[in-house]
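Student: Structure file input_23.tsv (TSV, C-alpha atoms) is given on the next line.
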chain	number	residue	atom	x	y	z
A	11	MET	CA	4.68	-12.78	-11.28
A	12	THR	CA	2.76	-15.34	-9.31
A	13	SER	CA	4.11	-18.45	-7.70
A	14	GLU	CA	3.25	-20.96	-5.02
A	15	THR	CA	6.91	-21.32	-4.02
A	16	ASN	CA	9.79	-18.97	-3.21
A	17	THR	CA	11.90	-20.18	-6.13
A	18	ASP	CA	10.67	-17.72	-8.76
A	19	TYR	CA	11.46	-14.53	-6.86
A	20	GLY	CA	15.10	-13.86	-7.51
A	21	PRO	CA	18.18	-13.87	-5.33
A	22	VAL	CA	17.61	-14.83	-1.72
A	23	ASN	CA	20.29	-12.48	-0.41
A	24	SER	CA	19.45	-9.14	-2.03
A	25	ASP	CA	16.76	-6.52	-1.85
A	26	ILE	CA	14.16	-6.48	-4.63
A	27	LEU	CA	14.05	-2.66	-4.88
A	28	GLY	CA	15.16	-1.60	-8.34
A	29	THR	CA	15.43	-5.17	-9.64
A	30	ASN	CA	13.21	-7.11	-12.00
A	31	TYR	CA	11.36	-8.33	-8.90
A	32	ASP	CA	10.17	-4.82	-7.95
A	33	TRP	CA	6.83	-4.63	-9.79
A	34	GLY	CA	7.38	-1.13	-11.17
A	35	VAL	CA	10.66	-2.22	-12.77
A	36	TYR	CA	9.63	-5.71	-13.85
A	37	ASN	CA	6.56	-4.48	-15.70
A	38	ALA	CA	8.41	-1.48	-17.17
A	39	ILE	CA	5.95	0.99	-15.66
A	40	TYR	CA	7.72	4.28	-16.14
A	41	ASN	CA	7.49	7.54	-17.98
A	42	PRO	CA	8.83	6.79	-21.47
A	43	LYS	CA	10.72	10.12	-21.45
A	44	THR	CA	12.86	8.81	-18.58
A	45	GLN	CA	14.32	5.40	-17.88
A	46	THR	CA	15.42	6.03	-14.29
A	47	THR	CA	13.54	4.46	-11.39
A	48	ASP	CA	13.43	7.63	-9.26
A	49	ALA	CA	12.87	10.14	-12.07
A	50	PRO	CA	9.78	12.38	-11.89
A	51	GLY	CA	6.78	10.66	-13.43
A	52	THR	CA	8.13	7.15	-12.79
A	53	TRP	CA	5.76	4.56	-11.31
A	54	ARG	CA	7.13	2.20	-8.66
A	55	THR	CA	6.31	0.22	-5.51
A	56	LEU	CA	6.81	1.85	-2.10
A	57	THR	CA	9.57	0.53	0.15
A	58	LYS	CA	8.84	-0.67	3.68
A	59	ASP	CA	10.36	2.53	5.12
A	60	GLU	CA	8.15	4.65	2.84
A	61	TRP	CA	5.02	2.79	4.04
A	62	VAL	CA	6.10	3.39	7.66
A	63	TYR	CA	6.72	7.10	6.99
A	64	LEU	CA	3.45	7.53	5.06
A	65	LEU	CA	1.30	5.99	7.79
A	66	ASN	CA	3.19	6.58	11.04
A	67	THR	CA	5.34	9.72	10.96
A	68	ARG	CA	4.48	11.88	7.92
A	69	PRO	CA	3.61	15.47	8.93
A	70	THR	CA	0.34	16.80	7.47
A	71	ALA	CA	-1.60	20.07	7.73
A	72	SER	CA	-4.40	18.37	9.67
A	73	SER	CA	-2.22	15.81	11.49
A	74	ILE	CA	-4.29	13.15	9.72
A	75	ARG	CA	-2.35	10.53	7.77
A	76	TYR	CA	-4.98	7.79	7.39
A	77	ALA	CA	-8.38	6.56	8.49
A	78	LYS	CA	-10.18	3.23	8.22
A	79	ALA	CA	-13.47	3.58	6.35
A	80	THR	CA	-16.28	2.07	4.37
A	81	VAL	CA	-16.37	3.86	1.02
A	82	CYS	CA	-19.37	3.19	-1.20
A	83	GLY	CA	-19.96	-0.07	0.69
A	84	ILE	CA	-16.34	-1.30	0.40
A	85	VAL	CA	-14.13	-1.46	3.50
A	86	GLY	CA	-10.54	-0.29	3.47
A	87	LEU	CA	-8.02	2.40	4.30
A	88	ILE	CA	-7.99	6.04	3.23
A	89	ILE	CA	-4.64	7.83	2.92
A	90	VAL	CA	-5.04	11.59	3.27
A	91	PRO	CA	-2.81	14.03	1.35
A	92	ASP	CA	-0.40	16.26	3.25
A	93	ASN	CA	-2.39	19.46	2.71
A	94	LEU	CA	-5.97	18.30	3.36
A	95	SER	CA	-7.75	20.06	6.21
A	96	ASN	CA	-9.89	18.03	8.61
A	97	THR	CA	-12.67	20.53	8.04
A	98	TYR	CA	-12.84	19.41	4.40
A	99	TYR	CA	-14.33	16.09	5.47
A	100	PRO	CA	-14.55	15.28	9.19
A	101	LEU	CA	-12.86	11.86	9.56
A	102	THR	CA	-12.99	10.12	12.94
A	103	ASN	CA	-10.64	7.65	14.64
A	104	VAL	CA	-7.78	8.87	12.46
A	105	ASN	CA	-4.22	7.46	12.62
A	106	THR	CA	-5.61	4.65	14.77
A	107	ALA	CA	-4.45	1.14	13.82
A	108	GLY	CA	-7.23	-0.42	15.90
A	109	ALA	CA	-10.08	1.62	14.40
A	110	ALA	CA	-12.99	-0.22	12.78
A	111	TYR	CA	-13.99	0.19	9.14
A	112	THR	CA	-17.31	1.56	10.43
A	113	SER	CA	-15.49	4.58	11.93
A	114	ASN	CA	-16.14	6.47	8.70
A	115	ILE	CA	-19.03	5.66	6.34
A	116	ILE	CA	-18.54	7.61	3.11
A	117	GLY	CA	-20.94	7.70	0.17
A	118	ALA	CA	-20.20	8.28	-3.51
A	119	THR	CA	-20.70	12.06	-3.50
A	120	ASP	CA	-18.43	12.66	-0.53
A	121	TRP	CA	-15.83	10.18	-1.78
A	122	THR	CA	-15.68	11.92	-5.17
A	123	LYS	CA	-14.90	15.20	-3.37
A	124	MET	CA	-12.27	13.52	-1.19
A	125	GLU	CA	-10.67	11.74	-4.15
A	126	ASN	CA	-10.56	15.00	-6.11
A	127	ALA	CA	-8.79	16.57	-3.11
A	128	GLY	CA	-6.11	13.86	-3.27
A	129	CYS	CA	-7.33	11.11	-0.91
A	130	VAL	CA	-6.43	7.56	-1.95
A	131	PHE	CA	-8.43	4.45	-1.04
A	132	PHE	CA	-6.91	1.01	-0.42
A	133	PRO	CA	-9.65	-1.64	-0.44
A	134	ALA	CA	-9.55	-4.68	1.83
A	135	ALA	CA	-8.99	-6.86	-1.22
A	136	GLY	CA	-7.65	-9.93	0.58
A	137	PHE	CA	-4.73	-12.04	-0.64
A	138	ARG	CA	-3.86	-15.18	-2.54
A	139	ASP	CA	-2.67	-18.06	-0.39
A	140	GLY	CA	-1.48	-20.89	-2.60
A	141	THR	CA	-4.35	-21.48	-4.99
A	142	SER	CA	-7.11	-19.87	-2.91
A	143	VAL	CA	-8.04	-16.28	-2.11
A	144	SER	CA	-8.73	-15.25	1.49
A	145	GLY	CA	-9.69	-12.11	3.39
A	146	VAL	CA	-11.63	-10.37	0.62
A	147	GLY	CA	-13.71	-7.65	2.27
A	148	SER	CA	-11.91	-7.96	5.60
A	149	SER	CA	-8.14	-7.47	5.15
A	150	GLY	CA	-5.84	-5.52	2.90
A	151	ARG	CA	-2.28	-6.52	2.00
A	152	PHE	CA	-0.14	-4.32	-0.25
A	153	TRP	CA	3.46	-5.29	-1.12
A	154	SER	CA	6.49	-3.13	-0.56
A	155	ALA	CA	9.67	-3.27	-2.63
A	156	THR	CA	11.68	-4.39	0.42
A	157	TYR	CA	12.57	-7.96	1.19
A	158	ASN	CA	13.03	-9.30	4.73
A	159	ASP	CA	15.04	-12.40	3.94
A	160	GLY	CA	15.33	-14.99	1.23
A	161	TYR	CA	11.79	-16.19	1.80
A	162	SER	CA	9.77	-13.17	2.89
A	163	ALA	CA	9.12	-9.55	1.99
A	164	TYR	CA	7.45	-6.63	3.78
A	165	TYR	CA	3.99	-5.28	3.08
A	166	LEU	CA	1.25	-3.03	4.47
A	167	TYR	CA	-1.26	-5.25	6.31
A	168	PHE	CA	-4.55	-4.03	7.75
A	169	PHE	CA	-7.89	-5.29	8.93
A	170	SER	CA	-10.63	-3.78	11.09
A	171	SER	CA	-8.67	-3.74	14.35
A	172	PHE	CA	-5.06	-3.81	13.06
A	173	LEU	CA	-2.62	-1.95	10.83
A	174	ASP	CA	1.09	-2.59	10.31
A	175	PRO	CA	3.03	-0.98	7.43
A	176	SER	CA	6.02	-3.30	7.95
A	177	TYR	CA	4.53	-6.78	8.22
A	178	ASP	CA	6.35	-9.62	6.45
A	179	SER	CA	5.22	-12.79	4.73
A	180	GLY	CA	6.40	-15.44	2.33
A	181	ARG	CA	7.24	-13.99	-1.04
A	182	TYR	CA	4.95	-16.59	-2.62
A	183	ASP	CA	1.80	-15.01	-1.12
A	184	GLY	CA	-0.27	-12.95	-3.54
A	185	GLN	CA	-0.67	-9.48	-2.01
A	186	SER	CA	-2.01	-6.47	-3.88
A	187	VAL	CA	0.37	-3.97	-5.46
A	188	ARG	CA	-0.21	-0.22	-5.29
A	189	LEU	CA	2.12	1.80	-7.44
A	190	VAL	CA	3.11	5.38	-6.72
A	191	ARG	CA	4.49	7.98	-9.09
A	192	SER	CA	7.57	9.98	-8.20
A	193	ALA	CA	6.68	13.68	-8.21
A	194	GLN	CA	10.08	15.27	-7.57
Let me see whether you can do it: turn the structure in this file into structure tokens.

Tutor:
Amino acid sequence: MTSETNTDYGPVNSDILGTNYDWGVYNAIYNPKTQTTDAPGTWRTLTKDEWVYLLNTRPTASSIRYAKATVCGIVGLIIVPDNLSNTYYPLTNVNTAGAAYTSNIIGATDWTKMENAGCVFFPAAGFRDGTSVSGVGSSGRFWSATYNDGYSAYYLYFFSSFLDPSYDSGRYDGQSVRLVRSAQ
């Protein structure tokens, strides 16, 4: 679903969670054994409140939720699993929206270990604005399944000195989509 206008994105007065405008539902990304959005094994888009919880308030064993980093030469955001100890890989400037991507420089060997331990990397992949792409290598924008109003929806937005898990923009912008799988 791409568009340069707001007209293709469904009702202007309802949330997109669980509708054909929530990417996990629209593209039928689910476990074929279940047809329910929240069933274990189902893939879906995070809501705005889930992004806020994940990055701002989620309790973890190490108290680390995220860190800005350069992984194998690509800048972005690392999300740390709940049970990862800080001694596993010593991240700096953690949970800091204003941290620079150079706070943590991670090579392929260390990233493979971190990924195997459950870390997830969100690259600063930029966004589509009309017919052009901007911000590649400097900003990351990942949609939520929550709308703000008839013309905008919330998303995770970050760049080197900024992070906001509840930013909003026109629904016609082309942000990245990161699906999650329900585990419970």

Student: Write out as a VMD selection string each polymer residue whose atoms come within 7 Å of Leu166 (chain A), counting all atoms listed in the file; drop sequence neighbours fewer than 5 positions from it.

Tutor: chain A and resid 61 151 to 153 174 to 177

Student: Atoms to include: C-alpha atoms. Write the selected residues as a short mmCIF file (atom, residue, chain, number, x, y, z; two decimals), in the coordinates of the input.

Tutor:
data_model
loop_
_atom_site.label_atom_id
_atom_site.label_comp_id
_atom_site.auth_asym_id
_atom_site.auth_seq_id
_atom_site.Cartn_x
_atom_site.Cartn_y
_atom_site.Cartn_z
CA TRP A 61 5.02 2.79 4.04
CA ARG A 151 -2.28 -6.52 2.00
CA PHE A 152 -0.14 -4.32 -0.25
CA TRP A 153 3.46 -5.29 -1.12
CA ASP A 174 1.09 -2.59 10.31
CA PRO A 175 3.03 -0.98 7.43
CA SER A 176 6.02 -3.30 7.95
CA TYR A 177 4.53 -6.78 8.22
#

Student: Which one of A:Ser170, A:Thr80, A:Thr112, A:Thr102 sits closest to Gly145 (chain A) if you count all atoms listed in the file?

Tutor: A:Ser170

Student: Between CA of Lys78 (chain A) and CA of Asp59 (chain A), measure the distance and give it in Å to one decimal.

Tutor: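 Result for CA of Lys78 (chain A) versus CA of Asp59 (chain A): 20.8 Å, one decimal.
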
Student: For a quick check of your reading of the model, name the residues lying within 9 Å of the coordinate (2.9, -12.3, 4.9), counting only C-alpha atoms, and write them as a list in words.

Tutor: Arg151, Ser162, Ala163, Tyr164, Tyr165, Tyr167, Tyr177, Asp178, Ser179, Gly180, Arg181, Tyr182, Asp183 and Gln185 of chain A

Student: At what distance in Å, to one decimal, does CA of Val190 (chain A) lie from CA of Thr55 (chain A)?

Tutor: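 So the two atoms, CA of Thr55 (chain A) and CA of Val190 (chain A), lie 6.2 Å apart.
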
Student: Using all atoms listed in the file, which of A:Pro69, A:Gly184, A:Pro100, A:Gly83 sits nearest Val143 (chain A)?

Tutor: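 Smallest separation from Val143 (chain A) among the options: A:Gly184.
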
Student: Provide the CA of Ala79 (chain A) to CA of Tyr111 (chain A) distance in Å, to one decimal place.

Tutor: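 Between CA of Ala79 (chain A) and CA of Tyr111 (chain A) the gap is 4.4 Å.
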
Student: Taking all atoms listed in the file into account, which of A:Val146, A:Leu101, A:Ala134, A:Leu173 comes nearest Ile116 (chain A)?

Tutor: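 Nearest to Ile116 (chain A): A:Leu101.
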
Student: Check the smallest atom-to-atom distance from each of A:Ile115, A:Ile84, A:Ala127, A:Ala71 to Ser148 (chain A) using all atoms listed in the file, then report the winner.

Tutor: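 Result for the nearest residue to Ser148 (chain A): A:Ile84.
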
Student: Between A:Tyr63, A:Phe169, A:Phe131, A:Tyr161, which is the closest to Gly147 (chain A) once you count only C-alpha atoms?

Tutor: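 Closest residue, counting only C-alpha atoms: A:Phe169.
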
Student: May I ask which of the residues A:Ser154, A:Thr106, A:Ser95, A:Ser113 is the closest one to Leu56 (chain A), counting only C-alpha atoms?

Tutor: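 Distance minimum relative to Leu56 (chain A) lands on A:Ser154.
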
Student: Might you pull out every residue within 12 Å of Lys123 (chain A), with only C-alpha atoms counted and same-chain residues fewer than 6 positions away left off, and present them as an mmCIF file with C-alpha atoms, in the coordinates of the input?

Tutor:
data_model
loop_
_atom_site.group_PDB
_atom_site.id
_atom_site.type_symbol
_atom_site.label_atom_id
_atom_site.label_comp_id
_atom_site.auth_asym_id
_atom_site.auth_seq_id
_atom_site.Cartn_x
_atom_site.Cartn_y
_atom_site.Cartn_z
ATOM 1 C CA LEU A 94 -5.970 18.300 3.360
ATOM 2 C CA TYR A 98 -12.840 19.410 4.400
ATOM 3 C CA TYR A 99 -14.330 16.090 5.470
ATOM 4 C CA ILE A 116 -18.540 7.610 3.110
ATOM 5 C CA GLY A 117 -20.940 7.700 0.170
ATOM 6 C CA CYS A 129 -7.330 11.110 -0.910
ATOM 7 C CA VAL A 130 -6.430 7.560 -1.950
#

Student: Do you have, as CSV, the list of residues of region 83-186 of chain A lying at most 8 Å from region 74-77 of chain A, each with its nearest atom pair and that distance in Å to one decimal, counting all atoms listed in the file and ordered by chain then number?

Tutor:
residue,atom,partner,partner_atom,distance
A:Leu87,CA,A:Ala77,CA,5.9
A:Ile88,CA,A:Ala77,CA,5.3
A:Ile89,CA,A:Tyr76,CA,4.5
A:Val90,CA,A:Arg75,CA,5.3
A:Pro91,CA,A:Arg75,CA,7.3
A:Asp92,CA,A:Arg75,CA,7.6
A:Asn96,CA,A:Ile74,CA,7.5
A:Leu101,CA,A:Ala77,CA,7.0
A:Thr102,CA,A:Ala77,CA,7.3
A:Asn103,CA,A:Ala77,CA,6.6
A:Val104,CA,A:Ala77,CA,4.6
A:Asn105,CA,A:Tyr76,CA,5.3
A:Thr106,CA,A:Ala77,CA,7.1
A:Ala109,CA,A:Ala77,CA,7.9
A:Asn114,CA,A:Ala77,CA,7.8

Student: Will you give me region 168-188 of chain A, written with N, CA, C and O atoms and laid out as an mmCIF file, in the first residue's frame?

Tutor:
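Contents of result23.cif, freshly written:
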data_model
loop_
_atom_site.group_PDB
_atom_site.id
_atom_site.type_symbol
_atom_site.label_atom_id
_atom_site.label_comp_id
_atom_site.auth_asym_id
_atom_site.auth_seq_id
_atom_site.Cartn_x
_atom_site.Cartn_y
_atom_site.Cartn_z
ATOM 1 N N PHE A 168 13.478 8.081 14.728
ATOM 2 C CA PHE A 168 14.766 8.333 15.382
ATOM 3 C C PHE A 168 15.788 8.832 14.381
ATOM 4 O O PHE A 168 15.728 8.543 13.196
ATOM 5 N N PHE A 169 16.706 9.634 14.899
ATOM 6 C CA PHE A 169 17.927 9.998 14.189
ATOM 7 C C PHE A 169 18.994 10.162 15.245
ATOM 8 O O PHE A 169 18.759 9.870 16.418
ATOM 9 N N SER A 170 20.187 10.621 14.886
ATOM 10 C CA SER A 170 21.326 10.567 15.791
ATOM 11 C C SER A 170 21.094 11.256 17.133
ATOM 12 O O SER A 170 21.585 10.792 18.139
ATOM 13 N N SER A 171 20.339 12.322 17.182
ATOM 14 C CA SER A 171 20.163 13.015 18.463
ATOM 15 C C SER A 171 18.698 13.067 18.900
ATOM 16 O O SER A 171 18.308 13.940 19.661
ATOM 17 N N PHE A 172 17.875 12.104 18.439
ATOM 18 C CA PHE A 172 16.439 12.161 18.702
ATOM 19 C C PHE A 172 15.841 10.763 18.638
ATOM 20 O O PHE A 172 16.281 9.927 17.847
ATOM 21 N N LEU A 173 14.827 10.528 19.467
ATOM 22 C CA LEU A 173 14.049 9.296 19.392
ATOM 23 C C LEU A 173 12.678 9.568 19.990
ATOM 24 O O LEU A 173 12.571 10.094 21.094
ATOM 25 N N ASP A 174 11.624 9.236 19.253
ATOM 26 C CA ASP A 174 10.258 9.389 19.738
ATOM 27 C C ASP A 174 9.433 8.217 19.220
ATOM 28 O O ASP A 174 9.237 8.088 18.011
ATOM 29 N N PRO A 175 8.945 7.342 20.118
ATOM 30 C CA PRO A 175 8.152 6.197 19.674
ATOM 31 C C PRO A 175 6.695 6.536 19.374
ATOM 32 O O PRO A 175 5.920 5.653 19.030
ATOM 33 N N SER A 176 6.305 7.802 19.513
ATOM 34 C CA SER A 176 4.909 8.169 19.257
ATOM 35 C C SER A 176 4.806 9.437 18.410
ATOM 36 O O SER A 176 3.974 10.286 18.643
ATOM 37 N N TYR A 177 5.646 9.527 17.404
ATOM 38 C CA TYR A 177 5.617 10.648 16.471
ATOM 39 C C TYR A 177 4.451 10.421 15.503
ATOM 40 O O TYR A 177 4.011 9.301 15.313
ATOM 41 N N ASP A 178 3.931 11.474 14.884
ATOM 42 C CA ASP A 178 2.892 11.233 13.884
ATOM 43 C C ASP A 178 3.183 12.000 12.608
ATOM 44 O O ASP A 178 3.881 13.004 12.609
ATOM 45 N N SER A 179 2.659 11.454 11.515
ATOM 46 C CA SER A 179 2.908 12.020 10.192
ATOM 47 C C SER A 179 1.747 11.664 9.291
ATOM 48 O O SER A 179 0.940 10.794 9.607
ATOM 49 N N GLY A 180 1.706 12.320 8.129
ATOM 50 C CA GLY A 180 0.690 11.999 7.143
ATOM 51 C C GLY A 180 0.738 10.532 6.774
ATOM 52 O O GLY A 180 1.809 9.953 6.625
ATOM 53 N N ARG A 181 -0.442 9.938 6.637
ATOM 54 C CA ARG A 181 -0.516 8.520 6.331
ATOM 55 C C ARG A 181 -0.030 8.212 4.918
ATOM 56 O O ARG A 181 0.134 7.059 4.550
ATOM 57 N N TYR A 182 0.244 9.220 4.123
ATOM 58 C CA TYR A 182 0.758 9.015 2.775
ATOM 59 C C TYR A 182 2.273 8.886 2.746
ATOM 60 O O TYR A 182 2.841 8.511 1.726
ATOM 61 N N ASP A 183 2.965 9.218 3.854
ATOM 62 C CA ASP A 183 4.421 9.045 3.892
ATOM 63 C C ASP A 183 4.759 7.560 3.847
ATOM 64 O O ASP A 183 4.006 6.726 4.351
ATOM 65 N N GLY A 184 5.896 7.233 3.293
ATOM 66 C CA GLY A 184 6.327 5.841 3.219
ATOM 67 C C GLY A 184 7.347 5.528 4.299
ATOM 68 O O GLY A 184 8.540 5.716 4.093
ATOM 69 N N GLN A 185 6.890 5.105 5.459
ATOM 70 C CA GLN A 185 7.795 4.686 6.542
ATOM 71 C C GLN A 185 8.052 3.178 6.397
ATOM 72 O O GLN A 185 7.312 2.475 5.728
ATOM 73 N N SER A 186 9.061 2.702 7.088
ATOM 74 C CA SER A 186 9.332 1.264 7.119
ATOM 75 C C SER A 186 8.291 0.578 7.996
ATOM 76 O O SER A 186 7.628 1.210 8.818
ATOM 77 N N VAL A 187 8.175 -0.725 7.835
ATOM 78 C CA VAL A 187 7.278 -1.535 8.652
ATOM 79 C C VAL A 187 8.099 -2.649 9.268
ATOM 80 O O VAL A 187 8.830 -3.357 8.573
ATOM 81 N N ARG A 188 8.006 -2.796 10.569
ATOM 82 C CA ARG A 188 8.681 -3.892 11.271
ATOM 83 C C ARG A 188 7.605 -4.721 11.939
ATOM 84 O O ARG A 188 6.902 -4.250 12.812
#
